[in-house]
Amino acid sequence: MSNNDASNTVKQPTNFIHQVIEQDQQQGLEKVVTRFPPEPNGYLHIGHAKSICLNFGTAEKYNGECNLRFDDTNPGKEDQEYVDAIMDDVRWLGFNWAGNVRYASDYFDTFYAWAQHLIKEGKAYVCDLSPEQASEYRGWATEPGKNSPFRERSAEESLDLLERMKNGEFDEGSRVLRAKIDMASPNMNLRDPILYRIRKQSHHQTGDKWCIYPSYDFAHGQEDAIEGVTHSICTLEFADHRPLYEWFIENLPVPTVPRQYEFGRLNINYTVTSKRKLKQLVDEGHVNGWDDPRMPTIQGMRRRGYSPQAVRNFCDSLAVAKTDGTVDMAQFEFFIREDLNDNAARAMCVMNPLKLIITNFVENIKSIQIDINTASQLEFCKLVGIGKLLAEKIVKYRNENGSFKNVTDLVRVNGIGEKTLDKNLRFIAPINSPPNSIEMLSAPLHPQKEMGTRELPFTRELYIDRADFSEDSTLSRKKFKLLVLGDYMRLRNAYVIKAEDFVKDDAGEIVEVHASLLPGTVGENPEGGIKPRGVMHWVSATEGKQAKVRVYDRLFNVESPDKGDGDFLANINPDSFSEIDNCWVEPGLVDAAPETAFQFEREGYFVADRYEHSPETPVFNKTIGLRDTWKK
RNA sequence: UGGGGUAUCGCCAAGCGGUAAGGCAACGGGUUUUGAUCUCGUCAUGCGGAGGUUCGAAUCCUCCUACCCCAGCCA
């Protein structure tokens with residue numbers, strides 16, 4: 001992988017879990033097994049990405065295995081839709097789980113048998129207290145709870161009651177199975193926690209087989225034990241559950257002994273990562289779904305154009321510790337830009353078009369258009385997909401049949417089809433007209449890396465960005481890198497031009513700029529010490545393509561939108577989305593595959609929309625702007 | 001409040017008794033056909049606070065303070 005060299009030079013943040021594993025290995029641990037255990041009740045977000053990278057990354061680092069396991073113990077909240085999306089997300093990040101996908105529900109039979117085991121051992125009982133009563137009996141932090149009146153019920157009776165709970169004889173909420181631990185424990189989780197509750201709901205995996213479902217606590221550690229998980233990594237809020245986790249492992253005939261370790265959850269400013277709040281954003285229509293590019297969901301980041309490698313690099317840069325801080329969004333953005341800068345092809349897109357006419361175009365451009373009635377074999381070879389042999393055939397055909405009457409007659413030559421003709425149309429001059437309407441320039445796809453080149457049609461009429469022209473020629477040369485009347489500017493990958501004139505409409509708006517090009521300045525500096533003020537991007541007005549660009553900004557305009565219990569929706573940034581219809585891009589861009597990333601030079605990074613981009617209706621999403629140190 | 005955690009630069013974070021790494025951000029300089037990239041440089045006598053132990057403390061001890069988590073038949 002490409003980040004190998006990075007990991008060799010960049011010092012890894014410490015990871016106390018890796019320290020634990022290395023100690024365990026010294027004690028004789030042979031194989032590390034981890035797991036990523038989401039509940040399929042929503043879409044994964046950046047916080048889960050950290051957990052995925054930690055669990056899968058740890059397994060990878062120590063040549064172990066990592067399972068993907070759905071913790072599906074509460075059917076009311078879960079859905080197959082989420083199962084599918086989560087698998088998609090894990091794969092997108094580039095991880096492979098060991099063996100098949102697992103489900104907690106795979107083990108429901110075992111859990112039931114283990115529940116019976118605990119009852120027989122006198123360590124669990126069916127309790128008939130209502131939820132309200134149970135809450136009262138549980139006591140308060142400073143005062144111990146009271147034993148349930150059903151606590152000393154006989155094993156036989158509990159066994160029978162549990163069986164009947166399973167058979168659907170009782171209503172939801174009427175009875176539960178509880179562990180008999182300690183109603184006076186200062187740890188509330190140990191005050192006779194619930195093992196099974198009645199839920200008359202069908203389950204996305206087990207259908208209607210069950211109407212009682214195990215609680216998280218009665219399931220999670222046992223799942224780990226069944227799968228041979230050695231290091232069960234979860235977030236800090238589960239630290240209080242560890243004694244219970246261990247209690248089950250000690251009191252049940254489990255095949256292996258997993259250990260639980262907790263690390264600090266990832267928080268990022270200017271966004272929210274609580275499932276409840278993300279759901280609210282979707283349900284109330286503040287965003288366009290879970291995969292809205294403004295969402296911190298993996299699906300959203302993907303649609304926004306964040307690369308999986310960038311997300312991974314960011315997650316790997318985070319220390320695995322027990323502190324609960326909030327990482328600056330700028331730190332994430334650094335990794336997004338770093339990866340995109342390396343890998344995104346460069347292109348030009350004019351987002352606010354202003355027409356620029358090159359007044360001396362005809363006299364000065366180097367045409368590569370071909371007059372098919374006079375071209376030689378060698379000249380035909382310049383066309384796309386035409387080699388020496390085909391070129392010879394064309395010349396022969398022309399000699400035998402006389403001049404072409406139409407450009408399209410080229411297909412009559414054996415070996416040239418519609419497709420070849422289409423690709424070459426712009427390189428062929430119309431019959432009987434001067435072959436000079438387009439100059440094909442070539443530009444590198446990347447300024448530093450060897451990524452090849454692209455063809456850039458340069459024509460008499462171009463589009464430049466409105467913001468790049470000013471009629472005010474008194475503007476400081478140093479401060480304003482603009483096309484200013486009477487001054488020079490470099491067209492990126494093309495000529496240096498000089499602005500000469502402009503046209504205003506009745507409303508006083510500039511609608512057209514006239515400029516002349518300096519011959520011989522493609523790839524060369526102008527003679528006579530002329531220094532352009534700067535460089536600007538452009539697109540041919542006749543050869544370029546119109547495209548739609550969606551610009552996204554942060555969803556919230558305060559650092560901690562969910563601080564406190566106030567309405568986090570009040571902090572929504574009303575200008576987080578805008579769509580610009582009249583953008584012009586290089587012709588080649590419309591053929592880009594969905595999810596291809598580009599840097600639109602001087603504008604930022606953009607991605608062809610995963611779902612809506614097509615050659616007919618090109619749609620690009622702004623992933624992130626370029627770093628901008630331009631101070632006015 | 002009882003229990004469980006955590007406190008080192010604006011943010012993330014190393015450090016594990018020997019005299020405060022690194023990254024992000026910020027700010028300066030250089031290169032540049034992207035105001036990008038790249039590159040060079042600046043940025044904690046200070047480690048939540050107060051005492052103490054020690055030749056020596058961010059690291060050990062004592063007390064204090066602040067913040068986070070638990071008190072669902074959610075995970």
# chains A, B, ... in the order shown; residues from 1 in each chain; ligands from 1

$ closest_atom_pairs --of "chain A" --to "chain B" --cutoff "6 Å" --atoms "only C-alpha atoms (C1' of nucleotides)" --output "CSV"
residue,atom,partner,partner_atom,distance
A:Ala141,CA,B:G2,C1',4.6
A:Thr142,CA,B:G2,C1',4.4
A:Pro186,CA,B:G3,C1',5.1
A:Asn187,CA,B:G3,C1',5.2
A:Arg197,CA,B:C73,C1',5.4
A:Glu237,CA,B:C69,C1',5.3
A:Asp240,CA,B:G4,C1',5.6
A:Thr323,CA,B:U6,C1',5.4
A:Val327,CA,B:C12,C1',5.9
A:Asp328,CA,B:C11,C1',5.4
A:Gln331,CA,B:C24,C1',4.9
A:Arg492,CA,B:U33,C1',5.8
A:Glu601,CA,B:U34,C1',5.2
A:Arg602,CA,B:U34,C1',4.9
A:Trp630,CA,B:G35,C1',5.2

$ write_last_selection --atoms "all heavy atoms" --output "short mmCIF file (atom, residue, chain, number, x, y, z; two decimals), in the first residue's frame"
data_model
loop_
_atom_site.label_atom_id
_atom_site.label_comp_id
_atom_site.auth_asym_id
_atom_site.auth_seq_id
_atom_site.Cartn_x
_atom_site.Cartn_y
_atom_site.Cartn_z
N ALA A 141 -27.81 6.02 43.45
CA ALA A 141 -26.35 5.93 43.53
C ALA A 141 -25.87 5.81 44.97
O ALA A 141 -25.05 4.96 45.31
CB ALA A 141 -25.73 7.13 42.87
N THR A 142 -26.42 6.66 45.82
CA THR A 142 -25.93 6.69 47.19
C THR A 142 -26.63 5.70 48.10
O THR A 142 -26.18 5.45 49.20
CB THR A 142 -26.13 8.10 47.78
OG1 THR A 142 -27.45 8.52 47.47
CG2 THR A 142 -25.12 9.06 47.18
N PRO A 186 -22.21 -0.66 44.35
CA PRO A 186 -22.09 0.73 43.93
C PRO A 186 -22.12 0.87 42.40
O PRO A 186 -22.41 1.93 41.87
CB PRO A 186 -20.73 1.17 44.49
CG PRO A 186 -19.98 -0.09 44.76
CD PRO A 186 -21.01 -1.14 45.06
N ASN A 187 -21.81 -0.20 41.71
CA ASN A 187 -21.91 -0.22 40.26
C ASN A 187 -23.33 -0.66 39.88
O ASN A 187 -23.71 -1.81 40.08
CB ASN A 187 -20.87 -1.18 39.69
CG ASN A 187 -20.88 -1.22 38.17
OD1 ASN A 187 -21.83 -0.75 37.53
ND2 ASN A 187 -19.82 -1.76 37.59
N ARG A 197 -35.56 -10.05 27.96
CA ARG A 197 -36.82 -9.34 28.05
C ARG A 197 -37.70 -9.79 26.90
O ARG A 197 -37.25 -10.33 25.91
CB ARG A 197 -36.60 -7.82 28.07
CG ARG A 197 -36.17 -7.13 26.79
CD ARG A 197 -34.74 -7.40 26.41
NE ARG A 197 -34.21 -6.22 25.70
CZ ARG A 197 -33.18 -6.24 24.90
NH1 ARG A 197 -32.52 -7.35 24.67
NH2 ARG A 197 -32.77 -5.15 24.32
N GLU A 237 -17.71 4.39 27.54
CA GLU A 237 -18.95 4.31 28.33
C GLU A 237 -19.27 2.88 28.76
O GLU A 237 -20.14 2.67 29.59
CB GLU A 237 -20.13 4.93 27.58
CG GLU A 237 -20.56 4.20 26.32
CD GLU A 237 -19.90 4.76 25.07
OE1 GLU A 237 -18.76 5.28 25.17
OE2 GLU A 237 -20.51 4.68 23.99
N ASP A 240 -17.95 0.68 32.80
CA ASP A 240 -18.76 0.26 33.94
C ASP A 240 -19.36 -1.13 33.76
O ASP A 240 -19.82 -1.74 34.72
CB ASP A 240 -19.93 1.23 34.14
CG ASP A 240 -19.48 2.51 34.82
OD1 ASP A 240 -18.43 2.48 35.45
OD2 ASP A 240 -20.20 3.52 34.71
N THR A 323 -8.64 9.50 26.88
CA THR A 323 -9.07 10.89 27.00
C THR A 323 -10.24 11.13 26.05
O THR A 323 -10.29 10.56 24.96
CB THR A 323 -7.94 11.85 26.60
OG1 THR A 323 -7.29 11.33 25.45
CG2 THR A 323 -6.94 12.01 27.71
N VAL A 327 -11.41 16.47 18.31
CA VAL A 327 -10.40 16.73 17.30
C VAL A 327 -10.88 17.86 16.39
O VAL A 327 -12.05 17.93 16.04
CB VAL A 327 -10.11 15.46 16.49
CG1 VAL A 327 -9.12 15.74 15.37
CG2 VAL A 327 -9.59 14.37 17.40
N ASP A 328 -9.94 18.71 16.03
CA ASP A 328 -10.25 19.82 15.16
C ASP A 328 -10.53 19.31 13.75
O ASP A 328 -9.78 18.52 13.20
CB ASP A 328 -9.04 20.77 15.13
CG ASP A 328 -9.43 22.15 14.69
OD1 ASP A 328 -10.29 22.26 13.80
OD2 ASP A 328 -8.89 23.12 15.24
N GLN A 331 -7.83 19.08 11.27
CA GLN A 331 -6.91 17.96 11.26
C GLN A 331 -7.38 16.88 10.29
O GLN A 331 -6.59 16.28 9.57
CB GLN A 331 -6.77 17.39 12.68
CG GLN A 331 -5.65 16.38 12.80
CD GLN A 331 -5.26 16.12 14.23
OE1 GLN A 331 -5.40 16.98 15.11
NE2 GLN A 331 -4.77 14.93 14.51
N ARG A 492 -3.67 29.27 -17.67
CA ARG A 492 -3.07 28.03 -17.20
C ARG A 492 -2.91 27.04 -18.35
O ARG A 492 -3.86 26.81 -19.11
CB ARG A 492 -3.97 27.44 -16.11
CG ARG A 492 -3.55 26.09 -15.59
CD ARG A 492 -2.33 26.19 -14.73
NE ARG A 492 -2.11 24.95 -13.98
CZ ARG A 492 -0.93 24.55 -13.55
NH1 ARG A 492 0.15 25.28 -13.77
NH2 ARG A 492 -0.82 23.45 -12.87
N GLU A 601 -8.33 23.26 -10.68
CA GLU A 601 -7.24 24.12 -10.24
C GLU A 601 -7.74 25.50 -9.79
O GLU A 601 -8.61 26.08 -10.40
CB GLU A 601 -6.20 24.24 -11.36
CG GLU A 601 -5.45 22.90 -11.52
CD GLU A 601 -4.34 22.96 -12.53
OE1 GLU A 601 -4.66 23.17 -13.71
OE2 GLU A 601 -3.17 22.82 -12.14
N ARG A 602 -7.16 25.96 -8.74
CA ARG A 602 -7.48 27.22 -8.08
C ARG A 602 -8.84 27.22 -7.39
O ARG A 602 -9.23 28.21 -6.77
CB ARG A 602 -7.40 28.41 -9.05
CG ARG A 602 -6.03 28.52 -9.74
CD ARG A 602 -5.66 29.95 -10.06
NE ARG A 602 -6.71 30.57 -10.81
CZ ARG A 602 -7.15 31.81 -10.64
NH1 ARG A 602 -6.60 32.58 -9.73
NH2 ARG A 602 -8.11 32.29 -11.36
N TRP A 630 -4.41 33.30 1.06
CA TRP A 630 -4.48 34.62 0.44
C TRP A 630 -5.10 35.61 1.42
O TRP A 630 -6.27 35.55 1.74
CB TRP A 630 -5.33 34.54 -0.83
CG TRP A 630 -5.41 35.83 -1.55
CD1 TRP A 630 -4.53 36.86 -1.51
CD2 TRP A 630 -6.46 36.23 -2.43
NE1 TRP A 630 -4.95 37.88 -2.33
CE2 TRP A 630 -6.12 37.52 -2.90
CE3 TRP A 630 -7.64 35.62 -2.88
CZ2 TRP A 630 -6.93 38.22 -3.80
CZ3 TRP A 630 -8.43 36.31 -3.77
CH2 TRP A 630 -8.07 37.60 -4.23
#

$ residues_around --residues "stretch 536-539 of chain A" --least-positions-apart "3" --cutoff "10 Å" --atoms "only C-alpha atoms (C1' of nucleotides)" --output "PyMOL selection string"
(chain A and resi 347-351+353-356+456-459+461-465+468-469+481-483+489-494+496+533+542-545+583-587+600-603) or (chain B and resi 33-34)

$ atom_distance --atom1 "atom CA of A:Asn67" --atom2 "atom CA of A:Gly228"
10.1 Å

$ atom_distance --atom1 "atom CA of A:Ala344" --atom2 "atom CA of A:Asp628"
18.1 Å

$ residues_around --residues "A:His204" --least-positions-apart "2" --cutoff "7 Å" --atoms "only C-alpha atoms (C1' of nucleotides)" --output "PyMOL selection string"
chain A and resi 75+79-80+202+206-207

$ residues_around --residues "A:Gln309" --least-positions-apart "3" --cutoff "9 Å" --atoms "only C-alpha atoms (C1' of nucleotides)" --output "list in words"
Asn3, Leu93, Gly94, Tyr306, Arg312, Asn313, Phe314, Phe335, Ile336 and Asp339 of chain A

$ atom_distance --atom1 "atom CA of A:Phe170" --atom2 "atom CA of A:Ala113"
19.9 Å

$ residues_around --residues "stretch 388-398 of chain A" --least-positions-apart "2" --cutoff "12 Å" --atoms "only C-alpha atoms (C1' of nucleotides)" --output "ChimeraX atom specification"
/A:372-386,400-405,409-417,420

$ write_last_selection --atoms "C-alpha atoms" --output "mmCIF file, in the first residue's frame"
data_model
loop_
_atom_site.group_PDB
_atom_site.id
_atom_site.type_symbol
_atom_site.label_atom_id
_atom_site.label_comp_id
_atom_site.auth_asym_id
_atom_site.auth_seq_id
_atom_site.Cartn_x
_atom_site.Cartn_y
_atom_site.Cartn_z
ATOM 1 C CA ILE A 372 -8.740 15.635 -45.216
ATOM 2 C CA ASN A 373 -8.620 16.565 -48.864
ATOM 3 C CA THR A 374 -5.006 17.704 -48.752
ATOM 4 C CA ALA A 375 -3.514 15.853 -45.782
ATOM 5 C CA SER A 376 -0.628 13.469 -46.278
ATOM 6 C CA GLN A 377 -0.358 9.992 -44.840
ATOM 7 C CA LEU A 378 1.839 11.371 -42.084
ATOM 8 C CA GLU A 379 -0.714 14.014 -41.144
ATOM 9 C CA PHE A 380 -3.511 11.452 -40.942
ATOM 10 C CA CYS A 381 -1.430 9.576 -38.410
ATOM 11 C CA LYS A 382 -1.965 12.448 -35.984
ATOM 12 C CA LEU A 383 -5.624 11.508 -35.686
ATOM 13 C CA VAL A 384 -6.874 9.400 -32.791
ATOM 14 C CA GLY A 385 -6.780 5.673 -33.483
ATOM 15 C CA ILE A 386 -5.248 6.030 -36.921
ATOM 16 C CA GLU A 400 -9.247 6.399 -56.247
ATOM 17 C CA ASN A 401 -12.522 8.208 -55.450
ATOM 18 C CA GLY A 402 -11.609 11.886 -55.583
ATOM 19 C CA SER A 403 -12.041 14.553 -52.887
ATOM 20 C CA PHE A 404 -14.280 14.012 -49.858
ATOM 21 C CA LYS A 405 -17.495 16.020 -50.089
ATOM 22 C CA ASP A 409 -17.569 10.402 -45.794
ATOM 23 C CA LEU A 410 -14.442 9.237 -44.007
ATOM 24 C CA VAL A 411 -16.369 6.216 -42.749
ATOM 25 C CA ARG A 412 -16.509 4.914 -46.300
ATOM 26 C CA VAL A 413 -12.859 4.098 -45.915
ATOM 27 C CA ASN A 414 -12.599 0.474 -44.901
ATOM 28 C CA GLY A 415 -11.461 0.321 -41.265
ATOM 29 C CA ILE A 416 -12.879 3.627 -40.105
ATOM 30 C CA GLY A 417 -16.112 3.444 -38.174
ATOM 31 C CA THR A 420 -13.226 6.634 -34.795
#

$ closest_residue --among "A:Lys120, A:Arg175, A:His241, A:Arg151" --to "A:Leu190" --atoms "only C-alpha atoms"
A:His241
